[in-house]
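Worksheet: the structure to be examined is printed underneath.
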Amino acid sequence: MERREVSEDAVLTRIGQAVMLLHGGDREEARNRFGELWTEIGESGDPLHRCTLAHYMADTQDDPGDELAWDLRALTAAEGPALSRASPAVRAFYPSLHLNLAADYVKLQRPDAARLHLSRARAAVNALGDDGYGNGVRTAIGRLERQLLDD
């Protein structure tokens with residue numbers, strides 16, 4: 001049991017390291033590392049790891065269709081039977097997952113799908129903390145809502 005926890009922590013640490021590369025501007029290296037991790041984890045790996053990894057992998061994509069595919073993988077992992085929507089870690093992902101999907105659909109000129117996911121993002125914001133991350137997601141939701149109204 002302890003060995004599994006250490007292994008899981010190692011995966012989350014590696015995801016975090018790749019996220020730091022991404023936020024530091026090295027999208028290509030982050031994409032490469034996320035790809036290696038995805039190969040290791042696989043479609044049947046830990047759902048929280050898959051959700052987290054796919055969520056960030058989407059941000060490394062150049063093609064909006066590829067970005068959408070990764071964001072959909074993240075949502076599928078979050079909604080899978082192995083993860084409970086009651087889990088605070090998973091609930092905190094939903095606003096951002098749906099926000100990203102809404103943004104993907106805007107890029108793909110599918111405003112109805114964007115509005116649907118934006119509505120789901122707004123409905124899930126209570127799971128966010130009153131901190132920098134939560135406030136940032138709320139602000140981004142508002143910004144995308146205004147953009148969709150203007151279009």
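All residue names refer to the structure tokens as shown: chains lettered A, B, ... in order, residues numbered from 1 in each chain, ligands numbered from 1 in order.
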
Once you count only C-alpha atoms, what closest atom pair and distance in Å to one decimal does each residue of range 59-139 of chain A within 9 Å of range 11-32 of chain A have, with rows by chain and rising residue number, as CSV?
residue,atom,partner,partner_atom,distance
A:Asp59,CA,A:Leu22,CA,8.2
A:Thr60,CA,A:Arg27,CA,5.4
A:Gln61,CA,A:Arg31,CA,7.7

Nearest-residue call for Ile141 in chain A, choices A:Ala103, A:Ala127, A:Leu68, A:Leu108, using only C-alpha atoms: A:Ala103

Which residues come within 10 Å of Thr76 in chain A, counting only C-alpha atoms, excluding same-chain residues fewer than 3 positions away, as a count of residues only? 11

Please indicate the distance in Å from CA of Gly42 in chain A to CA of Leu99 in chain A, rounded to one decimal place.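 Separation between CA of Gly42 in chain A and CA of Leu99 in chain A: 24.8 Å.
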
With only C-alpha atoms as the counted atoms, please give the residues lying no more than 10 Å from Pro88 in chain A, apart from itself and same-chain residues fewer than 4 positions off, as a compact mmCIF listing (two decimals) with N, CA and C atoms, in the first residue's frame.
# COMPACT_ATOMS: atom_id res chain seq x y z
N SER A 84 -15.25 9.78 -7.77
CA SER A 84 -16.54 10.24 -7.28
C SER A 84 -16.63 11.74 -7.47
N ALA A 92 -13.14 20.31 -7.68
CA ALA A 92 -12.38 21.53 -7.94
C ALA A 92 -11.89 21.61 -9.38
N PHE A 93 -11.84 20.48 -10.07
CA PHE A 93 -11.44 20.46 -11.47
C PHE A 93 -12.56 20.89 -12.41
N ALA A 127 -17.21 24.94 -5.99
CA ALA A 127 -16.18 24.00 -5.56
C ALA A 127 -14.81 24.66 -5.45
N LEU A 128 -14.69 25.87 -5.97
CA LEU A 128 -13.41 26.57 -5.95
C LEU A 128 -13.20 27.30 -4.64

Ranking A:Gly65, A:Gly132, A:Ala123, A:Val90 by minimum distance to Val106 in chain A and counting only C-alpha atoms, which one comes first?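 Of all the options, A:Gly65 lies closest to Val106 in chain A.
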
Considering only C-alpha atoms, can you say which of A:Leu149, A:Ala140, A:Val125, A:Leu53 comes closest to Asn100 in chain A? A:Ala140

Could you pull out the helix (DSSP H, G or I) residues of range 27-147 of chain A, going by DSSP on the backbone, and write them as a PyMOL selection string? chain A and resi 27-41+47-58+64-79+88-91+94-107+111-123+125-127+132-147

Go through A:Ala77, A:Ala114, A:Ala124, A:Ala69 one by one, measure the shortest atom-to-atom distance of each to Arg91 in chain A using only C-alpha atoms, and give the residue with the smallest value. A:Ala124

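Going from CA of Asp104 in chain A to CA of Glu40 in chain A covers 26.4 Å.
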
As an exercise, work out the distance from CA of Tyr105 in chain A to CA of Leu144 in chain A in Å and give it to one decimal place.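 If I compute the distance from CA of Tyr105 in chain A to CA of Leu144 in chain A, I get 11.3 Å.
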